[in-house]
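Chemist: Here you go, run.tsv (TSV, C-alpha atoms):
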```
chain	number	residue	atom	x	y	z
A	333	MET	CA	0.00	0.00	0.00
A	334	GLU	CA	1.35	3.42	-1.00
A	335	LEU	CA	1.51	6.27	1.51
A	336	HIS	CA	-1.23	8.21	-0.29
A	337	ASP	CA	-3.51	5.18	0.16
A	338	VAL	CA	-2.58	5.05	3.84
A	339	TRP	CA	-3.47	8.71	4.26
A	340	PHE	CA	-6.79	8.24	2.49
A	341	VAL	CA	-7.59	5.57	5.09
A	342	LEU	CA	-6.38	7.77	7.95
A	343	ILE	CA	-8.53	10.69	6.78
A	344	ALA	CA	-11.50	8.33	6.55
A	345	VAL	CA	-10.79	7.24	10.16
A	346	LEU	CA	-10.65	10.88	11.28
A	347	TRP	CA	-14.04	11.63	9.70
A	348	ILE	CA	-15.50	8.47	11.20
A	349	GLY	CA	-14.22	9.52	14.63
A	350	TYR	CA	-15.62	13.01	14.16
A	351	PHE	CA	-19.07	11.85	13.15
A	352	PHE	CA	-19.16	9.22	15.92
A	353	LEU	CA	-18.29	11.79	18.62
A	354	GLU	CA	-19.70	15.03	17.28
A	355	GLY	CA	-22.76	13.11	16.09
A	356	PHE	CA	-24.15	12.56	19.56
A	357	ASP	CA	-23.46	16.10	20.73
A	358	PHE	CA	-25.15	17.49	17.61
A	359	GLY	CA	-28.00	15.17	18.59
A	360	ILE	CA	-28.04	16.50	22.13
A	361	GLY	CA	-28.24	20.04	20.77
A	362	VAL	CA	-31.27	19.11	18.67
A	363	LEU	CA	-32.86	17.36	21.66
A	364	THR	CA	-32.77	20.55	23.75
A	365	LYS	CA	-35.94	21.46	21.81
A	366	LEU	CA	-37.38	18.00	21.13
A	367	LEU	CA	-36.85	16.32	24.49
A	368	ALA	CA	-36.32	18.88	27.26
A	369	ARG	CA	-39.51	20.20	28.83
A	370	ASP	CA	-38.01	23.09	30.79
A	371	ARG	CA	-34.76	24.96	31.36
A	372	THR	CA	-33.58	22.55	34.02
A	373	GLU	CA	-33.85	19.59	31.65
A	374	LYS	CA	-32.06	21.60	28.96
A	375	ARG	CA	-29.25	22.15	31.42
A	376	VAL	CA	-29.13	18.42	32.12
A	377	LEU	CA	-28.80	17.64	28.42
A	378	ILE	CA	-26.16	20.31	27.85
A	379	ASN	CA	-24.23	19.11	30.90
A	380	THR	CA	-24.03	15.59	29.45
A	381	ILE	CA	-21.75	16.92	26.71
A	382	GLY	CA	-20.33	19.95	28.55
A	383	PRO	CA	-16.93	18.38	29.33
A	384	VAL	CA	-16.44	16.76	25.90
A	385	TRP	CA	-18.04	18.73	23.05
A	386	ASP	CA	-14.97	20.87	22.34
A	387	GLY	CA	-12.67	17.84	22.43
A	388	ASN	CA	-14.91	16.13	19.87
A	389	GLU	CA	-14.24	18.98	17.43
A	390	VAL	CA	-10.51	18.22	17.52
A	391	TRP	CA	-11.29	15.38	15.09
A	392	LEU	CA	-12.69	17.86	12.56
A	393	LEU	CA	-9.66	20.14	12.84
A	394	THR	CA	-7.34	17.18	12.42
A	395	ALA	CA	-9.29	15.84	9.42
A	396	GLY	CA	-9.16	19.26	7.74
A	397	GLY	CA	-5.47	19.70	8.49
A	398	ALA	CA	-4.63	16.20	7.28
A	399	THR	CA	-6.54	16.78	4.04
A	400	PHE	CA	-4.71	20.08	3.46
A	401	ALA	CA	-1.29	18.50	4.01
A	402	ALA	CA	-1.82	15.08	2.40
A	403	PHE	CA	-4.13	16.00	-0.49
A	404	PRO	CA	-3.78	19.74	-1.25
A	405	GLU	CA	-5.60	19.48	-4.59
A	406	TRP	CA	-8.56	17.83	-2.88
A	407	TYR	CA	-8.56	20.47	-0.16
A	408	ALA	CA	-8.40	23.35	-2.66
A	409	THR	CA	-11.18	22.03	-4.89
A	410	LEU	CA	-13.39	21.05	-1.97
A	411	PHE	CA	-13.15	24.34	-0.13
A	412	SER	CA	-13.53	26.46	-3.26
A	413	GLY	CA	-16.47	24.47	-4.63
A	414	PHE	CA	-18.22	24.02	-1.28
A	415	TYR	CA	-17.27	27.46	0.01
A	416	LEU	CA	-20.74	28.68	1.05
A	417	PRO	CA	-21.99	25.52	2.84
A	418	LEU	CA	-18.64	24.97	4.57
A	419	LEU	CA	-18.52	28.62	5.64
A	420	PHE	CA	-22.05	28.26	7.00
A	421	ILE	CA	-21.00	25.16	8.96
A	422	LEU	CA	-18.00	27.03	10.34
A	423	VAL	CA	-20.15	29.96	11.46
A	424	CYS	CA	-22.58	27.53	13.13
A	425	LEU	CA	-19.75	25.82	15.00
A	426	ILE	CA	-18.40	29.16	16.19
A	427	VAL	CA	-21.80	30.40	17.38
A	428	ARG	CA	-22.48	27.01	18.98
A	429	GLY	CA	-19.28	27.16	21.00
A	430	VAL	CA	-20.05	30.70	22.14
A	431	ALA	CA	-23.60	29.65	23.07
A	432	PHE	CA	-22.34	26.82	25.29
A	433	GLU	CA	-19.98	29.18	27.12
A	434	TYR	CA	-22.19	32.28	27.39
A	435	ARG	CA	-25.61	30.76	28.03
A	436	ALA	CA	-25.18	30.71	31.82
A	437	LYS	CA	-23.27	33.99	32.13
A	438	ARG	CA	-26.42	35.98	32.89
A	439	PRO	CA	-29.62	34.93	34.71
A	440	GLU	CA	-32.21	36.68	32.50
A	441	ASP	CA	-34.68	34.35	30.79
A	442	ASN	CA	-34.37	36.03	27.40
A	443	TRP	CA	-30.59	35.78	27.47
A	444	GLN	CA	-30.58	32.07	28.24
A	445	ARG	CA	-33.50	31.32	25.91
A	446	ASN	CA	-31.75	32.99	22.97
A	447	TRP	CA	-28.53	31.05	23.50
A	448	GLU	CA	-30.47	27.80	23.87
A	449	THR	CA	-32.21	28.53	20.56
A	450	ALA	CA	-28.77	29.12	19.03
A	451	ILE	CA	-27.57	25.75	20.35
A	452	PHE	CA	-30.53	24.02	18.71
A	453	TRP	CA	-30.14	25.58	15.27
A	454	THR	CA	-26.34	25.44	15.21
A	455	SER	CA	-26.55	21.74	16.02
A	456	LEU	CA	-29.33	20.91	13.54
A	457	LEU	CA	-27.95	22.77	10.53
A	458	PRO	CA	-24.39	21.34	10.54
A	459	ALA	CA	-25.79	17.85	11.16
A	460	PHE	CA	-27.81	18.25	7.96
A	461	LEU	CA	-25.15	20.04	5.89
A	462	TRP	CA	-22.42	17.48	6.55
A	463	GLY	CA	-24.62	14.86	4.94
A	464	VAL	CA	-25.27	17.14	1.95
A	465	ALA	CA	-21.53	17.76	1.56
A	466	PHE	CA	-20.54	14.10	1.69
A	467	GLY	CA	-23.43	13.14	-0.56
A	468	ASN	CA	-22.05	15.47	-3.22
A	469	ILE	CA	-18.50	14.20	-2.76
A	470	VAL	CA	-19.59	10.59	-3.30
A	471	ARG	CA	-22.01	11.39	-6.14
A	472	GLY	CA	-19.52	13.57	-8.00
A	473	VAL	CA	-19.51	17.28	-8.80
A	474	LYS	CA	-18.66	19.46	-11.79
A	475	ILE	CA	-14.85	19.43	-11.91
A	476	ASP	CA	-13.08	20.49	-15.11
A	477	GLN	CA	-9.76	19.37	-16.61
A	478	ASN	CA	-7.91	21.84	-14.34
A	479	PHE	CA	-9.37	20.14	-11.23
A	480	GLU	CA	-11.49	23.22	-10.50
A	481	TYR	CA	-15.13	23.19	-9.45
A	482	VAL	CA	-17.21	24.85	-12.17
A	483	GLY	CA	-20.69	24.21	-10.82
A	484	GLY	CA	-22.90	26.51	-8.79
A	485	PHE	CA	-24.35	26.46	-5.28
A	486	TRP	CA	-27.69	25.06	-6.44
A	487	ASP	CA	-25.95	22.10	-8.08
A	488	LEU	CA	-25.13	20.89	-4.56
A	489	LEU	CA	-28.82	20.71	-3.61
A	490	ASN	CA	-29.67	17.57	-5.58
A	491	PRO	CA	-32.00	14.79	-4.33
A	492	TYR	CA	-29.18	12.36	-3.43
A	493	ALA	CA	-27.28	14.93	-1.38
A	494	LEU	CA	-30.43	16.20	0.35
A	495	LEU	CA	-31.29	12.62	1.30
A	496	GLY	CA	-27.76	12.30	2.67
A	497	GLY	CA	-28.43	15.37	4.81
A	498	ALA	CA	-31.66	13.82	6.10
A	499	VAL	CA	-29.72	10.66	7.00
A	500	THR	CA	-27.02	12.44	8.99
A	501	LEU	CA	-29.56	14.65	10.76
A	502	THR	CA	-31.81	11.77	11.84
A	503	LEU	CA	-28.91	9.43	12.60
A	504	PHE	CA	-27.13	12.01	14.76
A	505	THR	CA	-30.38	12.81	16.56
A	506	PHE	CA	-30.92	9.11	17.24
A	507	HIS	CA	-27.30	8.78	18.41
A	508	GLY	CA	-27.87	11.76	20.72
A	509	ALA	CA	-31.11	10.36	22.11
A	510	VAL	CA	-29.41	7.07	22.94
A	511	PHE	CA	-26.54	9.00	24.54
A	512	ALA	CA	-29.02	11.06	26.57
A	513	ALA	CA	-30.65	7.84	27.85
A	514	LEU	CA	-27.19	6.50	28.72
A	515	LYS	CA	-26.11	9.62	30.61
A	516	THR	CA	-29.25	10.64	32.50
A	517	VAL	CA	-31.49	9.36	35.26
A	518	GLY	CA	-35.16	9.71	36.04
A	519	ASP	CA	-38.00	10.72	33.74
A	520	ILE	CA	-35.78	12.32	31.11
A	521	ARG	CA	-34.00	9.00	30.66
A	522	GLU	CA	-37.27	7.20	29.95
A	523	ARG	CA	-38.45	9.87	27.53
A	524	ALA	CA	-35.10	9.84	25.75
A	525	ARG	CA	-35.44	6.12	25.18
A	526	ARG	CA	-38.98	6.49	23.79
A	527	LEU	CA	-37.91	9.32	21.51
A	528	ALA	CA	-34.90	7.29	20.35
A	529	LEU	CA	-37.27	4.59	19.08
A	530	LYS	CA	-39.31	7.07	17.03
A	531	VAL	CA	-36.28	8.83	15.57
A	532	GLY	CA	-34.53	5.50	15.00
A	533	LEU	CA	-37.38	4.19	12.85
A	534	VAL	CA	-37.27	7.31	10.67
A	535	THR	CA	-33.47	6.98	10.50
A	536	ALA	CA	-33.75	3.34	9.40
A	537	VAL	CA	-35.97	4.24	6.43
A	538	CYS	CA	-33.82	7.19	5.29
A	539	ALA	CA	-30.53	5.36	5.79
A	540	LEU	CA	-31.67	2.21	3.99
A	541	VAL	CA	-32.79	4.16	0.92
A	542	PHE	CA	-29.61	6.29	0.86
A	543	LEU	CA	-27.19	3.40	1.35
A	544	LEU	CA	-28.94	1.23	-1.25
A	545	TRP	CA	-28.85	4.14	-3.69
A	546	THR	CA	-25.12	4.53	-3.00
A	547	GLN	CA	-24.51	0.82	-3.45
A	548	VAL	CA	-26.37	0.65	-6.75
A	549	ASP	CA	-24.53	3.67	-8.17
A	550	ASN	CA	-20.98	3.13	-6.92
A	551	GLY	CA	-20.80	0.05	-4.71
A	552	ASP	CA	-18.79	-3.15	-4.78
A	553	GLY	CA	-18.45	-6.19	-2.53
A	554	GLN	CA	-16.65	-4.32	0.26
A	555	SER	CA	-19.19	-1.51	0.37
A	556	LEU	CA	-21.99	-4.08	0.44
A	557	VAL	CA	-20.47	-5.61	3.57
A	558	ALA	CA	-20.35	-2.15	5.18
A	559	LEU	CA	-23.98	-1.56	4.20
A	560	VAL	CA	-25.09	-4.82	5.82
A	561	VAL	CA	-23.13	-4.01	8.98
A	562	ALA	CA	-24.66	-0.51	9.17
A	563	VAL	CA	-28.22	-1.78	8.79
A	564	ALA	CA	-27.71	-4.69	11.22
A	565	ALA	CA	-26.14	-2.37	13.80
A	566	LEU	CA	-29.02	0.09	13.54
A	567	VAL	CA	-31.55	-2.69	14.09
A	568	ALA	CA	-29.49	-3.95	17.06
A	569	ALA	CA	-29.39	-0.42	18.50
A	570	LEU	CA	-33.19	-0.18	18.31
A	571	VAL	CA	-33.60	-3.58	19.98
A	572	ALA	CA	-31.11	-2.72	22.74
A	573	ASN	CA	-32.81	0.63	23.28
A	574	GLN	CA	-36.19	-1.08	23.75
A	575	ALA	CA	-34.58	-3.48	26.23
A	576	ALA	CA	-33.26	-0.50	28.23
A	577	ARG	CA	-29.67	-1.54	27.54
A	578	GLU	CA	-28.44	1.98	26.85
A	579	GLY	CA	-24.76	1.08	26.75
A	580	TRP	CA	-25.30	-1.51	24.03
A	581	ALA	CA	-27.70	0.79	22.18
A	582	PHE	CA	-25.09	3.56	22.11
A	583	ALA	CA	-22.37	1.14	20.99
A	584	PHE	CA	-24.53	-0.17	18.13
A	585	SER	CA	-25.61	3.31	17.04
A	586	GLY	CA	-21.92	4.18	16.96
A	587	VAL	CA	-21.20	1.12	14.82
A	588	THR	CA	-23.96	2.29	12.45
A	589	ILE	CA	-22.16	5.60	11.96
A	590	VAL	CA	-18.77	3.91	11.57
A	591	ALA	CA	-20.05	1.44	8.96
A	592	ALA	CA	-22.09	4.02	7.02
A	593	VAL	CA	-19.21	6.51	6.74
A	594	ALA	CA	-16.79	3.68	5.92
A	595	MET	CA	-19.13	2.64	3.11
A	596	LEU	CA	-19.02	6.14	1.63
A	597	PHE	CA	-15.22	6.14	1.62
A	598	LEU	CA	-15.13	2.61	0.17
A	599	THR	CA	-17.33	3.67	-2.73
A	600	LEU	CA	-15.19	6.77	-3.21
A	601	PHE	CA	-11.74	5.10	-3.40
A	602	PRO	CA	-9.48	5.56	-5.37
A	603	ASN	CA	-11.16	8.87	-6.11
A	604	VAL	CA	-11.22	11.59	-3.49
A	605	MET	CA	-13.56	13.84	-5.48
A	606	PRO	CA	-15.13	12.41	-8.64
A	607	SER	CA	-15.93	14.63	-11.61
A	608	SER	CA	-19.46	14.36	-12.98
A	609	LEU	CA	-18.31	15.95	-16.25
A	610	ASP	CA	-15.57	13.50	-17.22
A	611	GLU	CA	-14.25	10.56	-15.18
A	612	SER	CA	-10.67	11.34	-16.30
A	613	TRP	CA	-10.95	14.75	-14.61
A	614	SER	CA	-11.65	13.23	-11.19
A	615	LEU	CA	-9.34	13.91	-8.28
A	616	THR	CA	-7.75	10.67	-7.08
A	617	VAL	CA	-5.43	9.61	-4.29
A	618	THR	CA	-2.63	9.75	-6.85
A	619	ASN	CA	-3.11	13.07	-8.65
A	620	ALA	CA	-4.30	15.00	-5.57
A	621	SER	CA	-1.65	13.90	-3.06
A	622	SER	CA	1.43	15.64	-1.69
A	623	SER	CA	4.96	14.43	-2.35
A	624	PRO	CA	6.08	11.09	-0.84
A	625	TYR	CA	8.50	12.93	1.46
A	626	THR	CA	5.70	15.11	2.87
A	627	LEU	CA	3.53	12.05	3.46
A	628	LYS	CA	6.42	10.28	5.17
A	629	ILE	CA	6.98	13.15	7.61
A	630	MET	CA	3.23	13.33	8.29
A	631	THR	CA	3.12	9.61	8.99
A	632	TRP	CA	5.79	9.87	11.69
A	633	CYS	CA	3.97	12.83	13.28
A	634	ALA	CA	0.69	10.89	13.26
A	635	VAL	CA	2.31	7.82	14.83
A	636	ILE	CA	3.59	9.95	17.73
A	637	ALA	CA	0.63	12.32	18.27
A	638	THR	CA	-2.43	10.12	17.65
A	639	PRO	CA	-2.05	7.81	20.68
A	640	ILE	CA	-1.57	10.83	22.96
A	641	VAL	CA	-4.75	12.52	21.68
A	642	MET	CA	-6.78	9.32	22.03
A	643	LEU	CA	-5.49	8.69	25.55
A	644	TYR	CA	-6.36	12.12	26.91
A	645	GLN	CA	-9.76	12.13	25.22
A	646	GLY	CA	-10.51	8.65	26.55
A	647	TRP	CA	-9.46	9.82	30.01
A	648	THR	CA	-11.90	12.75	29.76
A	649	TYR	CA	-14.81	10.42	29.00
A	650	TRP	CA	-13.79	8.15	31.88
A	651	VAL	CA	-13.68	11.02	34.40
A	652	PHE	CA	-17.13	12.31	33.37
A	653	ARG	CA	-18.76	8.91	32.94
A	654	LYS	CA	-21.49	9.18	35.63
A	655	ARG	CA	-25.16	9.83	34.92
A	656	ILE	CA	-26.80	13.13	35.83
A	657	GLY	CA	-30.38	14.25	36.43
A	658	THR	CA	-32.41	17.28	37.39
A	659	GLN	CA	-31.53	16.70	41.04
A	660	HIS	CA	-27.91	17.46	40.21
A	661	ILE	CA	-28.75	20.94	38.93
A	662	ALA	CA	-28.11	23.42	41.75
A	663	ASP	CA	-31.05	25.76	41.06
A	664	ALA	CA	-33.48	22.83	40.88
A	665	ALA	CA	-32.21	21.33	44.14
A	666	HIS	CA	-32.98	24.55	45.99
```
Mind turning the file's structure into structure tokens?

Modeler:
Amino acid sequence: MELHDVWFVLIAVLWIGYFFLEGFDFGIGVLTKLLARDRTEKRVLINTIGPVWDGNEVWLLTAGGATFAAFPEWYATLFSGFYLPLLFILVCLIVRGVAFEYRAKRPEDNWQRNWETAIFWTSLLPAFLWGVAFGNIVRGVKIDQNFEYVGGFWDLLNPYALLGGAVTLTLFTFHGAVFAALKTVGDIRERARRLALKVGLVTAVCALVFLLWTQVDNGDGQSLVALVVAVAALVAALVANQAAREGWAFAFSGVTIVAAVAMLFLTLFPNVMPSSLDESWSLTVTNASSSPYTLKIMTWCAVIATPIVMLYQGWTYWVFRKRIGTQHIADAAH
């Protein structure tokens, strides 16, 4: 395996890690409107991800940085062609981070209500737009012989990509609902589990149609295996959720995300950004990669840094592993 193939796999792993981790905290953000009945319950939900949400975004920064260094042509074409949606995602992530930090800085109802509304929308919109973006990457976009995107913004809003957005939004919301059931106690835990069933059924329909569409258009034997794993894991997550086995339900919902994203990258390889105008104009792991020397240096850096990042992030989850409920919120206790 060549180093550019290795880095394609590593970037796929980084995106899988990002969607697995950021997926449930996007879901929690959406659930602040769908699940929480009052401000105290919203605080419970936000507190479940309070210690970890910013660490989850490290995976996005690393994936973007790795793409820039390992595949500069891919990075340039992607960020020029998808400039508006990616800028919108970036603005949402910035506002979302500010909302988490500033929501409790003042006691006025309007102040807190406005920041909570910001958390909801800046969780929902990126969860949808990431699916649209990856749907377009897999489907192929208008790239010319100079490896430049020549399409328009509205070309990105095609049925396949919009369905991809619906899949990521519902799947992340389901992942968040299962996480909420895993991390809370009392009535909110029971309601999270009931909501997870409803959202999970919608997710199953959307995901099955999208993954089958992907398989028919671009799939092979390996992607078919990933599709089967994704569907089986989603069914297992629903069963475990109904049995009140939240730990297993969260693990299986995570496997669903891992398998589904892996399937997209399997159908993409060896392309990194297919051209819908002419297959020979597609960006591939070969024509979009950096020099072998650059990839070699990056590989050594990754070997040293990756275990450290995973260890401290794992330690964070271990420290904040306990469940919380409304009784743990100071204002509610008094």

Chemist: Taking 3 positions as the minimum chain separation for residues in the same chain, which residues sit within 12 Å of Ile475 of chain A when counting only C-alpha atoms? Answer as JSON, numbers by chain.

Modeler: {"A": [405, 406, 408, 409, 410, 412, 413, 468, 469, 472, 478, 479, 480, 481, 482, 483, 484, 605, 606, 607, 608, 609, 610, 611, 612, 613, 614, 615]}

Chemist: If I put a ball of radius 12 Å at (-29.2, 1.1, 17.7) in the file's coordinates, which residues poke into it when counting only C-alpha atoms, written as number ranges by chain?

Modeler: A: 503-511, 525, 528-533, 535-536, 561-589

Chemist: What's the separation between atom CA of Asp519 of chain A and atom CA of Gln659 of chain A, in Å to one decimal place?

Modeler: 11.4 Å

Chemist: In terms of the shortest atom-to-atom distance over all atoms listed in the file, which of A:Leu342, A:Leu627, A:Ala402, A:Leu457 is closest to Phe420 of chain A?

Modeler: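 So, comparing all the options, the nearest one is A:Leu457.
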
Chemist: When you draw a straight line from atom CA of Gly657 of chain A to atom CA of Lys374 of chain A, how long is it in Å?

Modeler: 10.6 Å

Chemist: Between atom CA of Ala513 of chain A and atom CA of Leu377 of chain A, what is the spacing in Å?

Modeler: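 Distance between the two atoms: 10.0 Å.
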
Chemist: I'd like to know which of A:Ala401, A:Leu543, A:Ala498, A:Leu514 is closest to Ala465 of chain A, using only C-alpha atoms.

Modeler: A:Ala498

Chemist: Of the candidates A:Asp337, A:Glu354, A:Ile656, A:Glu373, which shows the shortest atom-to-atom distance to Gly387 of chain A, using all atoms listed in the file?

Modeler: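 When distances to Gly387 of chain A are compared using all atoms listed in the file, the smallest one comes from A:Glu354.
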
Chemist: Skip Trp650 of chain A itself and residues of its chain fewer than 6 positions away, then list as a VMD selection string all residues within 12 Å of it, counting only C-alpha atoms.

Modeler: chain A and resid 383 to 384 643 to 644

Chemist: Could you check which of A:Thr454, A:Val604, A:Ala592, A:Ile348 is closest to Thr394 of chain A, using all atoms listed in the file?

Modeler: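 Comparing A:Thr454, A:Val604, A:Ala592, A:Ile348 against Thr394 of chain A, the winner is A:Ile348.
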
Chemist: Using all atoms listed in the file, can you tell me which of A:Val473, A:Val641, A:Ile426, A:Val541 comes closest to Leu495 of chain A?

Modeler: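 Checking each of A:Val473, A:Val641, A:Ile426, A:Val541 against Leu495 of chain A, counting all atoms listed in the file, the winner is A:Val541.
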
Chemist: When distances are computed from all atoms listed in the file, which of A:Ala512, A:Val651, A:Ile421, A:Met333 shows the smallest separation from Leu367 of chain A?

Modeler: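 Closest residue, counting all atoms listed in the file: A:Ala512.
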
Chemist: Can you sort out the box for segment 610-620 of chain A, edges along x, y and z, all listed atoms in, 5 Å on every side, with centre and edge lengths in Å to one decimal, as JSON?

Modeler:
```
{"center_x": -9.1, "center_y": 12.3, "center_z": -10.8, "size_x": 22.9, "size_y": 15.4, "size_z": 22.9}
```

Chemist: Residues at most 12 Å from segment 635-640 of chain A, counting all atoms listed in the file, excluding those fewer than 6 positions away in the same chain, as a PyMOL selection string?

Modeler: chain A and resi 342+345-346+390-391+394+628-629+646-647

Chemist: I need the residues from that last selection saved to file as a PDB file, in the coordinates of the input (with C-alpha atoms), if you can.

Modeler:
```
ATOM      1  CA  LEU A 342      -6.380   7.770   7.950  1.00  0.00           C
ATOM      2  CA  VAL A 345     -10.790   7.240  10.160  1.00  0.00           C
ATOM      3  CA  LEU A 346     -10.650  10.880  11.280  1.00  0.00           C
ATOM      4  CA  VAL A 390     -10.510  18.220  17.520  1.00  0.00           C
ATOM      5  CA  TRP A 391     -11.290  15.380  15.090  1.00  0.00           C
ATOM      6  CA  THR A 394      -7.340  17.180  12.420  1.00  0.00           C
ATOM      7  CA  LYS A 628       6.420  10.280   5.170  1.00  0.00           C
ATOM      8  CA  ILE A 629       6.980  13.150   7.610  1.00  0.00           C
ATOM      9  CA  GLY A 646     -10.510   8.650  26.550  1.00  0.00           C
ATOM     10  CA  TRP A 647      -9.460   9.820  30.010  1.00  0.00           C
TER      11      TRP A 647
END
```

Chemist: Would you pick out the contacts of Trp462 of chain A at 9 Å or less, using only C-alpha atoms, so that residues sharing its chain but fewer than 5 positions from it are not included, and give the list as a PyMOL selection string?

Modeler: chain A and resi 417-418+421+457+467+496-497+500-501

Chemist: At a cut-off of 12 Å, using all atoms listed in the file, what residues contact segment 431-441 of chain A? Leave out same-chain residues fewer than 2 positions from it and give the result as JSON, numbers by chain.

Modeler: {"A": [357, 361, 370, 371, 372, 374, 375, 377, 378, 379, 381, 382, 383, 384, 385, 386, 424, 425, 426, 427, 428, 429, 443, 444, 445, 446, 447, 448, 449, 450, 451, 452, 453, 454, 455, 663]}
